[in-house]
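Below is one structure, written out as structure tokens; comments come after it.
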Amino acid sequence: MTDPLTSWLQRGAGHQGPVALMYHSVRRGSGRPDWPWAVSRARLRDQLDALRDHGWHTVTVAELAGTAPLPARAVAITFDDGYVDNLDAVEDLAERGQRASWFIVSGSIGRMPAWSDPGRPDGRLLSAAELRDMTAAGMCIGSHTVTHPRLTELADADLERELSGSRDMLQQAVGDAVDTLAYPYGLWDERCVAAARAAGYRAAITTRTGWALRDGDALRIRRLTVFNEDTTASVLRKVALATNDAGTGRLLGRMLRQLGRRILPAGSAA
Ligand SMILES: [Zn+2]
């Protein structure tokens, strides 16, 4: 059951263009994971159900950059880093007829991550065979560079190697075209965008919040983050408002300011 505020926000949602959501790790069970970027599988399933039940259609990041028209309520669900626990998410998405996009660190395929990130899940990353199975299931595989560096700090030659090298390695591993990218740590600048374009990427995604295509450039797609503490309702508010800051107190303040500027039709909000 969705609360009245969230339901009200959902009524007008989706008309300002697609949104993208970022996940990382999916932990089995229903307990809240300690790592802020992990969600429990129970919460993920509830969030996927809620998006479907509120009329949101899943699209891939490649489709965000394509020329085909997108559905009115389009959401690009994304997973960064490629943790092996994401296989549960693949199953949950496929059961619901939903799709998502994965951003894989090509230098660590099937192995323990070679970059450090305190608190992240134990265990290896997705293997080439698993990535091929995911592609066959309709999931989109993209690059998250070779070594997960801060791209803005790299020399030109290293930047080129991270972008082109990962694309080549992933195309080999997956046996399919790879032309989408997620900038590690959400770090990018004009030089990175130009290098991504030169390396053949059609779409690249950031962690800047807002409507996904607000900047009119498929190499700077905006994205919202789903944290460990997010509920079904907070995810629905995030996609309705294209913000990470979807706590109810702040939203009520914003709504009251909006209501002050117009007359609300009787019975349209609780
Ligand atoms: Zn990452």
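By order in the structure tokens, chains are A, B, ...; within a chain, residues start at 1; ligands start at 1, following the order shown.
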Taking only C-alpha atoms and all ligand atoms into account, produce a table as a Markdown table in which each residue of chain A with an atom at most 6 Å from an atom of ligand 1 appears once, together with its shortest atom pair and the distance in Å to one decimal, ordered by chain and rising number.
| residue | atom | partner | partner_atom_place_in_ligand_line | distance |
| --- | --- | --- | --- | --- |
| A:Asp80 | CA | ligand 1 | 1 (Zn) | 5.2 |
| A:Asp81 | CA | ligand 1 | 1 (Zn) | 4.7 |
| A:Pro184 | CA | ligand 1 | 1 (Zn) | 4.8 |
| A:Tyr185 | CA | ligand 1 | 1 (Zn) | 5.8 |
Just C-alpha atoms for this one: save the residues we selected as a tab-separated table (two decimals), in the first residue's frame.
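The resulting file, part-v8.tsv, is shown below:
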chain	number	residue	atom	x	y	z
A	80	ASP	CA	27.77	-0.76	-11.16
A	81	ASP	CA	30.89	-2.88	-10.50
A	184	PRO	CA	33.80	5.29	-11.91
A	185	TYR	CA	32.98	7.25	-8.73
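For Arg223 in chain A, the residues within 6 Å (counting only C-alpha atoms, excluding itself and residues fewer than 3 positions away along the chain) are Ala20, Leu21, Thr207, Arg208, Thr209 and Ala212 of chain A.
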Atomic distance CA of Val90 in chain A - CA of Arg111 in chain A, expressed in Å with one decimal: 19.1 Å
Might you pull out every residue within 8 Å of His144 in chain A, with only C-alpha atoms counted and same-chain residues fewer than 5 positions away left off, and present them as a PDB file with N, CA and C atoms, in the first residue's frame?
ATOM      1  N   ASP A  80      26.348  -1.038 -10.932  1.00  0.00           N
ATOM      2  CA  ASP A  80      27.768  -0.759 -11.158  1.00  0.00           C
ATOM      3  C   ASP A  80      28.641  -1.819 -10.489  1.00  0.00           C
ATOM      4  N   ASP A  81      29.794  -2.066 -11.056  1.00  0.00           N
ATOM      5  CA  ASP A  81      30.889  -2.885 -10.499  1.00  0.00           C
ATOM      6  C   ASP A  81      30.770  -4.379 -10.826  1.00  0.00           C
ATOM      7  N   PHE A 103      27.425  -2.288 -15.483  1.00  0.00           N
ATOM      8  CA  PHE A 103      28.693  -1.646 -15.826  1.00  0.00           C
ATOM      9  C   PHE A 103      29.816  -2.414 -15.144  1.00  0.00           C
ATOM     10  N   ILE A 104      30.654  -3.029 -15.984  1.00  0.00           N
ATOM     11  CA  ILE A 104      31.589  -4.061 -15.568  1.00  0.00           C
ATOM     12  C   ILE A 104      33.031  -3.557 -15.666  1.00  0.00           C
ATOM     13  N   VAL A 105      33.831  -3.880 -14.663  1.00  0.00           N
ATOM     14  CA  VAL A 105      35.249  -3.523 -14.633  1.00  0.00           C
ATOM     15  C   VAL A 105      36.006  -4.644 -15.350  1.00  0.00           C
ATOM     16  N   SER A 106      36.420  -4.365 -16.581  1.00  0.00           N
ATOM     17  CA  SER A 106      36.865  -5.460 -17.461  1.00  0.00           C
ATOM     18  C   SER A 106      38.134  -6.144 -16.966  1.00  0.00           C
ATOM     19  N   SER A 166      38.720  -1.356 -22.106  1.00  0.00           N
ATOM     20  CA  SER A 166      37.613  -2.066 -21.454  1.00  0.00           C
ATOM     21  C   SER A 166      36.531  -2.418 -22.467  1.00  0.00           C
ATOM     22  N   LEU A 181      28.836   3.240 -21.018  1.00  0.00           N
ATOM     23  CA  LEU A 181      29.895   3.432 -20.025  1.00  0.00           C
ATOM     24  C   LEU A 181      29.304   4.060 -18.766  1.00  0.00           C
ATOM     25  N   ALA A 182      29.825   3.653 -17.606  1.00  0.00           N
ATOM     26  CA  ALA A 182      29.550   4.398 -16.365  1.00  0.00           C
ATOM     27  C   ALA A 182      30.884   4.901 -15.846  1.00  0.00           C
ATOM     28  N   TYR A 183      30.969   6.219 -15.586  1.00  0.00           N
ATOM     29  CA  TYR A 183      32.208   6.809 -15.076  1.00  0.00           C
ATOM     30  C   TYR A 183      32.419   6.347 -13.628  1.00  0.00           C
ATOM     31  N   PRO A 184      33.571   5.713 -13.299  1.00  0.00           N
ATOM     32  CA  PRO A 184      33.802   5.288 -11.908  1.00  0.00           C
ATOM     33  C   PRO A 184      33.736   6.464 -10.940  1.00  0.00           C
TER      34      PRO A 184
END
Every residue of range 88-263 of chain A that DSSP places in alpha helix (DSSP H), as a PyMOL selection string: chain A and resi 88-95+128-136+156-174+190-198+232-241+248-259
Contacts of Gln171 in chain A within 12 Å, only C-alpha atoms, excl. fewer than 3 positions in-chain, as JSON, numbers by chain: {"A": [104, 106, 128, 131, 132, 135, 140, 141, 142, 143, 164, 165, 166, 167, 168, 174, 175, 176, 177, 178, 179, 180]}
Emit the selected residues as a CSV table (one decimal), in the first residue's frame, including C-alpha atoms.
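In the end it all went to result.csv:
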chain,number,residue,atom,x,y,z
A,104,ILE,CA,31.6,-4.1,-15.6
A,106,SER,CA,36.9,-5.5,-17.5
A,128,ALA,CA,32.4,-13.8,-18.7
A,131,LEU,CA,27.8,-11.9,-18.5
A,132,ARG,CA,26.9,-13.8,-21.7
A,135,THR,CA,23.0,-10.7,-22.4
A,140,CYS,CA,22.6,-4.7,-21.3
A,141,ILE,CA,26.4,-5.0,-20.5
A,142,GLY,CA,28.5,-1.8,-20.5
A,143,SER,CA,31.9,-0.7,-19.4
A,164,SER,CA,39.0,1.7,-25.4
A,165,GLY,CA,40.6,-1.2,-23.6
A,166,SER,CA,37.6,-2.1,-21.5
A,167,ARG,CA,35.3,-1.8,-24.4
A,168,ASP,CA,37.5,-4.2,-26.4
A,174,VAL,CA,30.3,-10.9,-24.1
A,175,GLY,CA,30.4,-11.5,-27.8
A,176,ASP,CA,28.3,-8.5,-28.4
A,177,ALA,CA,28.6,-4.8,-29.0
A,178,VAL,CA,29.5,-2.7,-25.9
A,179,ASP,CA,28.9,1.0,-26.3
A,180,THR,CA,27.7,2.2,-22.9
I'd like the contact shell of Gln16 in chain A - 10 Å cut-off, only C-alpha atoms, skipping same-chain residues fewer than 3 positions apart - returned as a short mmCIF file (atom, residue, chain, number, x, y, z; two decimals) with N, CA and C atoms, in the first residue's frame.
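What landed in part-v8.cif:
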data_model
loop_
_atom_site.label_atom_id
_atom_site.label_comp_id
_atom_site.auth_asym_id
_atom_site.auth_seq_id
_atom_site.Cartn_x
_atom_site.Cartn_y
_atom_site.Cartn_z
N GLY A 12 1.52 12.30 -11.30
CA GLY A 12 2.04 13.18 -12.36
C GLY A 12 3.43 12.78 -12.83
N ALA A 13 3.86 11.58 -12.46
CA ALA A 13 5.26 11.20 -12.72
C ALA A 13 5.48 10.76 -14.17
N VAL A 19 14.16 8.41 -16.20
CA VAL A 19 15.07 8.51 -15.07
C VAL A 19 15.93 7.24 -15.04
N ALA A 72 6.28 6.41 -21.74
CA ALA A 72 6.05 7.60 -20.91
C ALA A 72 6.73 7.50 -19.55
N ARG A 73 6.67 6.37 -18.91
CA ARG A 73 7.33 6.21 -17.62
C ARG A 73 8.48 5.24 -17.84
N TRP A 211 16.62 14.41 -14.17
CA TRP A 211 16.07 13.63 -15.27
C TRP A 211 17.24 13.13 -16.12
N ALA A 212 17.18 11.88 -16.54
CA ALA A 212 18.35 11.23 -17.15
C ALA A 212 18.90 12.01 -18.34
N LEU A 213 18.01 12.54 -19.19
CA LEU A 213 18.47 13.18 -20.43
C LEU A 213 18.37 14.70 -20.38
N ARG A 214 18.35 15.22 -19.17
CA ARG A 214 18.15 16.66 -18.98
C ARG A 214 19.19 17.51 -19.71
N ALA A 240 9.77 9.91 -9.23
CA ALA A 240 8.75 10.92 -9.55
C ALA A 240 9.36 12.32 -9.61
N LEU A 241 10.40 12.56 -8.79
CA LEU A 241 10.94 13.91 -8.66
C LEU A 241 12.36 14.05 -9.20
N ALA A 242 12.96 12.92 -9.60
CA ALA A 242 14.33 12.92 -10.14
C ALA A 242 15.32 13.52 -9.15
#
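Between Trp56 in chain A and the residues A:Ala199, A:Leu163, A:Trp8, A:Gln98, the shortest atom-to-atom distance, using only C-alpha atoms, involves A:Gln98.
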Residue nearest Gly110 in chain A among A:Asp217, A:Asp49, A:Glu63, A:Glu130 (counting only C-alpha atoms): A:Glu130
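Each of A:Thr232, A:Ser116, A:Gln172, A:Thr60 was compared to Ala203 in chain A using only C-alpha atoms, and A:Thr60 turns out to be the nearest.
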Closest of A:Val61, A:Val239, A:Ala129, A:Asp245 to Ala218 in chain A - atom-to-atom distances counting only C-alpha atoms: A:Val61
Every residue of range 107-150 of chain A that DSSP places in strand (DSSP E), as a VMD selection string: chain A and resid 140 to 143
Mind checking which residues fall within 9 Å of Ser108 in chain A, counting only C-alpha atoms, ignoring those fewer than 6 positions away in the same chain, and posting them as a tab-separated table (two decimals) with C-alpha atoms, in the first residue's frame?
chain	number	residue	atom	x	y	z
A	114	ALA	CA	41.42	-5.26	-8.02
A	115	TRP	CA	40.42	-1.83	-6.71
A	124	ARG	CA	34.31	-12.33	-6.85
A	125	LEU	CA	32.81	-10.34	-9.67
A	126	LEU	CA	30.60	-11.68	-12.46
A	127	SER	CA	32.34	-14.02	-14.93
A	146	VAL	CA	39.54	-1.60	-16.95
A	147	THR	CA	40.69	-0.84	-13.38
Residue nearest Glu229 in chain A - candidates A:Arg191, A:Arg11, A:Arg150, A:Arg32, atoms counted: only C-alpha atoms: A:Arg32
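Between Arg220 in chain A and the residues A:Asp46, A:Asp189, A:Thr248, A:Arg52, the shortest atom-to-atom distance, using only C-alpha atoms, involves A:Asp189.
The gap separating CA of Thr152 in chain A from CA of Gly82 in chain A is 21.9 Å, in Å to one decimal.
In this structure, CA of Glu162 in chain A sits 15.0 Å away from CA of Gly186 in chain A.
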Long-range neighbours of Arg43 in chain A as a count of residues only, 10 Å cut-off, only C-alpha atoms, 3 positions minimum in chain: 18
